[in-house]
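Enquirer: My structure is below; once you've seen it, I'll send some questions.
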Amino acid sequence: MKRYGSLIGAIVTMGIASLIPLFVRSPFYLDLLITIVVNAILAMTFLMMLRTGLVSLGVAAFWGVGAYASVVLVTKLHLSFWLSLPASALITALVALILSYPLIRSPGFTFAILTAVIGMLFTIAVGNTSYLGGYSGIADIPHPDPIRIPFLPPIAFVSPTQDFYLALFLLVVVVLICTAFYSAWTGKAWTAIGVNFRLAESLGVDVFRYKVIAFVLASGIDGLVGSFCAHYQSFVVPDSYGMFATIYIQVYAVLGGIGHPVLGPVIGSALMTFFPELMRTTRQVAPILTGLLLVLLIMFLPKGLLSLFDWRTAVVERLTKLRKATVSSLLLKNGARKR
Amino acid sequence: MILQVEELSKQFGGVMAVDGVSFHVDKSEILGIIGPNGAGKTTAINAISGFFPPSRGRVVFDGRDITGLRADQISKAGIGRNFQASVLFMPLAVIENVLIGYHKCYRTSAWKRLFRLPAALKEEETFRQESAELLDRMGLGRFTYELASNLPYGHQRILSICMALASDPKLLILDEPVTGMNESETQTMLQLIRRIRDDGIAIVMIEHNMDVVMNLCDRIVVLNYGRKIAEGHPKEIRANEEVIEAYLGKE
């Protein structure tokens with residue numbers, strides 16, 4: 001039962017989240033919520049790679065690969081969105097698998113630089129391919145086709161509410177995938193590699209293989225979200241998948257807490273998306289305040305917001321230790337007296 | 001004979017760190033490797049356990065040529081090792097450290113494990129119990145859920161051996177198991193190492209503490225400047241002039 005605790009928690013949270021559109025009807029806020037979900041998922045994939053010690057500066061590029069793959073599949077090959085969504089995830093995963101051999105063999109710093117280069121190349125390559133619309137991108141991408149279930153009215157994706165439910169569904173799928181991998185032996189192997197890969201290796205963990213698994217899985221998820229984003233926004237522009245996007249993704253990931261690979265990104269992304277919006281009345285200074293918030297958080301909570309809770313447990317642990325030490329020293333004194 | 005090392009050499013640039021060293025380890029034997037600092041002891045065991053391939057030579061383990069395999073493959077073949085000083089997964093709980101040693105023991109299929117089906121959960125529970133028992137046997141029972149970084153030094157060294165043992169090795173390589181320990185910790189460690197040997201696991205150990213080496217080891221190999229200068233029972237080694245010279249210098 002305990003093992004499924006996090007699963008039940010996730011289901012309850014999602015249940016509550018699915019009620020949101022009943023209260024939030026403004027398309028503007030629904031759009032914000034969808035942005036939060038997308039950013040949270042992207043940040044999760046960044047953390048998944050980081051677990052194994054891979055600092056990927058190319059998350060946005062794989063997100064873009066998924067988006068463009070889906071656009072091509074739907075607008076040029078006339079596939080249904082529901083086919084192209086998993087297909088673009090698979091295509092992105094395949095691209096990652098092909099790239100993984102040279103990338104993951106290279107040491108940590110080189111990996112970071114190489115992924116950054118891939119990120120920049122992606123924008124340039126797509127920007128100069130007229131088939132993909134060049135720098136001006138592709139507009140008028142169709143929304144997801146309606147889902148037709150027999151005997152029921154078709155579910156059409158016409159308002160942000162339906163898009164929000166789709167985003168939520170993707171979040172559920174991604175969270176389930178992430179928790180499955182984190183709680184199984186793969187998660188243990190990832191953590192072991194991230195903490196000390198030499199030691200992990202000596203205990204029989206195939207370091208290369210588990211890094212590839214993390215990299216390919218994370219990229220596949222990026223592709224999945226990319227496909228959704230393209231059809232939700234109904235346009236793609238190469239610049240939105242550039243370096244800046246990657247940097248923001250890292251901020252969401254680190255802000256929530258590196259130690260919480262699923263919940264952290266959601267918190268970080270929610271904060272970073274809502275905070276600038278709350279500051280909207282002071283539009284000119286909003287970015288400055290956001291930056292200030294970021295600096296403060298990094299100064300005082302370097303392990304992320306959720307480390308507040310860890311910190312509390314650390315205090316409790318320290319207190320327990322102190323109590324134990326006091327008790328044992330008292331006992332020793334008594335013992336000495338008896339003797 | 002469980003391990004046979006033939007003409008093992010390792011060159012770093014122009015330096016011959018290990019130069020044509022041959023030795024063997026019998027079943028249920030404790031073999032000591034000693035030598036002055038820089039003699040190539042750690043390099044030799046790193047080459048055997050796969051952290052870098054040897055430049056020349058052959059390593060045969062349990063009838064199988066394992067020369068040049070990767071560290072994880074060699075671990076799977078049945079050689080466990082620990083590291084000098086405290087190399088542990090410090091931010092993890094003690095039991096989690098040991099559980100990673102079970103990495104290659106999973107038998108259920110990957111899908112069962114990812115979907116957390118009962119068979120996979122049961123398997124994991126078995127590993128958890130076995131880890132707890134192993135920790136109990138090695139005297140770390142009360143630290144099971146403590147963070148590895150919170151353990152005292154001596155216990156950290158024992159934990160590192162527990163982790164290697166969890167991977168069910170036939171041969172255990174220990175790099176300076178008692179260095180830096182106080183007298184009582186050393187005695188505990190000696191007992192543990194003997195007990196591991198009595199369980200049928202062969203042991204190769206590098207150690208600087210001569211009392212321990214002379215007490216514990218069945219045979220000793222002496223290295224100096226990357227070459228083997230002597231091999232034999234502790235008594236023979238103690239009387240060997242070349243060994244004395246290597247340690248004390250020429251008159």
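So you can find residues: chains in the structure tokens are A, B, ... in the order shown, residues in each start at 1, and ligands are numbered from 1 in order.
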As a list in words, could you give me every residue of chain B near chain A (at most 6 Å apart, counting only C-alpha atoms)?
Expert: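 Applying the cut-off to the listed atoms yields Ala71, Asp72, Ser75, Lys76, Gly101 and Leu114 of chain B.
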Enquirer: Write out as JSON lines the residues of stretch 103-214 of chain A that have any atom within 7 Å of an atom of stretch 70-86 of chain A, one row each with the nearest atom pair and its distance in Å to one decimal, counting only C-alpha atoms, sorted by chain and then rising number.
Expert:
{"residue": "A:Ile141", "atom": "CA", "partner": "A:Val71", "partner_atom": "CA", "distance": 7.0}
{"residue": "A:Pro144", "atom": "CA", "partner": "A:Phe81", "partner_atom": "CA", "distance": 5.4}
{"residue": "A:Asp145", "atom": "CA", "partner": "A:Phe81", "partner_atom": "CA", "distance": 6.4}
Enquirer: Let's see if you can do this: from backbone DSSP, list all helix (DSSP H, G or I) residues in stretch 4-250 of chain B, as a PyMOL selection string.
Expert: chain B and resi 41-48+71-77+94-100+103-105+110-114+118-137+141-143+148-150+153-166+183-198+210-216+234-239+241-248
Enquirer: Which residues, written as number ranges by chain, have at least one atom at most 9 Å from stretch 159-164 of chain B, with only C-alpha atoms counted and residues fewer than 3 positions away on the same chain left out?
Expert: A: 202-203; B: 79-83, 86-88, 94, 97-102, 131, 134-135, 138, 140, 148, 154-156, 167-169, 172-174, 177
Enquirer: Show me, as a list in words, the residues that have an atom within 9 Å of A:Ser88 when counting only C-alpha atoms, minus same-chain residues fewer than 3 positions from it.
Expert: Val65, Gly66, Ala67, Tyr68, Ala69, Ser70, Leu73, Leu83, Ser84, Leu85, Ile91, Thr92, Ala93, Gly220, Gly223, Leu224, Gly226 and Ser227 of chain A
Enquirer: Neighbouring residues of B:Leu223 were defined as those with any atom within 8 Å, considering only C-alpha atoms; residues of the same chain fewer than 4 positions away were excluded. Please report them as a list in words.
Expert: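 Counting only the stated atoms, we get Ile33, Ile34, Gly35, Pro36, Ala39, Gly40, Lys41, Arg227, Lys228, Ile229 and Ala230 of chain B.
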Enquirer: Those selected residues, please, written with C-alpha atoms and delivered as a PDB file, in the first residue's frame.
Expert:
ATOM      1  CA  ILE B  33      49.473  -6.957  -1.866  1.00  0.00           C
ATOM      2  CA  ILE B  34      51.993  -4.706  -0.187  1.00  0.00           C
ATOM      3  CA  GLY B  35      54.663  -2.305  -1.267  1.00  0.00           C
ATOM      4  CA  PRO B  36      55.886   1.246  -0.664  1.00  0.00           C
ATOM      5  CA  ALA B  39      54.571   0.756  -6.056  1.00  0.00           C
ATOM      6  CA  GLY B  40      51.593   0.278  -8.374  1.00  0.00           C
ATOM      7  CA  LYS B  41      49.283  -1.633  -6.042  1.00  0.00           C
ATOM      8  CA  ARG B 227      57.468  -4.948 -10.382  1.00  0.00           C
ATOM      9  CA  LYS B 228      56.806  -7.957  -8.241  1.00  0.00           C
ATOM     10  CA  ILE B 229      59.840  -8.431  -5.991  1.00  0.00           C
ATOM     11  CA  ALA B 230      58.592 -11.219  -3.759  1.00  0.00           C
TER      12      ALA B 230
END
Enquirer: Residues of stretch 131-176 of chain B in strand (DSSP E or B) according to DSSP, as a list in words?
Expert: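 Selecting the strand (DSSP E or B) positions of stretch 131-176 of chain B gives Leu147, Leu171, Leu172, Ile173, Leu174 and Asp175 of chain B.
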Enquirer: Please produce, as JSON lines, a per-residue contact table for stretch 154-176 of chain A versus stretch 38-62 of chain A (criterion: any atom at most 9 Å away, only C-alpha atoms considered), showing the nearest atom pair and its distance in Å to one decimal, sorted by chain then residue number.
Expert:
{"residue": "A:Ala167", "atom": "CA", "partner": "A:Val38", "partner_atom": "CA", "distance": 7.4}
{"residue": "A:Leu170", "atom": "CA", "partner": "A:Ile41", "partner_atom": "CA", "distance": 8.8}
{"residue": "A:Leu171", "atom": "CA", "partner": "A:Ile41", "partner_atom": "CA", "distance": 6.8}
{"residue": "A:Val174", "atom": "CA", "partner": "A:Ile41", "partner_atom": "CA", "distance": 7.2}
{"residue": "A:Val175", "atom": "CA", "partner": "A:Ile41", "partner_atom": "CA", "distance": 8.3}
Enquirer: Quick one: pull the distance between atom CA of B:Leu8 and atom CA of B:Arg238, Å, one decimal.
Expert: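 Interatomic distance here is 25.0 Å.
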Enquirer: Counting only C-alpha atoms, what are the residues of stretch 131-214 of chain A within 12 Å of stretch 95-113 of chain A, and for each of them which pair of atoms is the nearest and at what distance in Å, to one decimal? Sort the table by chain and rising number, as CSV.
Expert:
residue,atom,partner,partner_atom,distance
A:Gly194,CA,A:Gly108,CA,11.0
A:Phe197,CA,A:Gly108,CA,11.7
A:Val207,CA,A:Ile104,CA,9.8
A:Phe208,CA,A:Ile104,CA,7.0
A:Arg209,CA,A:Ile104,CA,9.4
A:Tyr210,CA,A:Ile104,CA,10.3
A:Lys211,CA,A:Ile104,CA,7.1
A:Val212,CA,A:Ser100,CA,6.2
A:Ile213,CA,A:Leu97,CA,8.7
A:Ala214,CA,A:Ser100,CA,10.3
Enquirer: Would you output that residue set with C-alpha atoms, as a PDB file, in the first residue's frame?
Expert:
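The file below, result.pdb, is the result:
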ATOM      1  CA  GLY A 194      24.743  10.831 -10.521  1.00  0.00           C
ATOM      2  CA  PHE A 197      29.561   6.867 -11.260  1.00  0.00           C
ATOM      3  CA  VAL A 207      26.761   3.671 -16.688  1.00  0.00           C
ATOM      4  CA  PHE A 208      26.516   4.328 -20.432  1.00  0.00           C
ATOM      5  CA  ARG A 209      23.329   2.337 -20.821  1.00  0.00           C
ATOM      6  CA  TYR A 210      21.466   4.027 -17.989  1.00  0.00           C
ATOM      7  CA  LYS A 211      22.532   7.461 -19.165  1.00  0.00           C
ATOM      8  CA  VAL A 212      21.213   6.595 -22.621  1.00  0.00           C
ATOM      9  CA  ILE A 213      17.916   5.445 -21.111  1.00  0.00           C
ATOM     10  CA  ALA A 214      17.545   8.754 -19.251  1.00  0.00           C
TER      11      ALA A 214
END
Enquirer: Quick one: residues within 7 Å of B:Pro234, only C-alpha atoms counted, chain neighbours fewer than 3 positions away excluded, as a PyMOL selection string?
Expert: chain B and resi 214+219-220+237-238
Enquirer: Between atom CA of B:Leu171 and atom CA of B:Ile203, what distance in Å does the model show, to one decimal?
Expert: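 Separation of atom CA of B:Leu171 and atom CA of B:Ile203: 5.7 Å.
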Enquirer: Enter the distance from atom CA of B:Ala246 to atom CA of B:Thr42, in Å, rounded to one decimal.
Expert: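 Atom-to-atom, atom CA of B:Ala246 to atom CA of B:Thr42, that is 17.6 Å.
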Enquirer: I'd like the contact shell of B:Leu147 - 8 Å cut-off, only C-alpha atoms, skipping same-chain residues fewer than 3 positions apart - returned as a PyMOL selection string.
Expert: chain B and resi 90-94+150-151
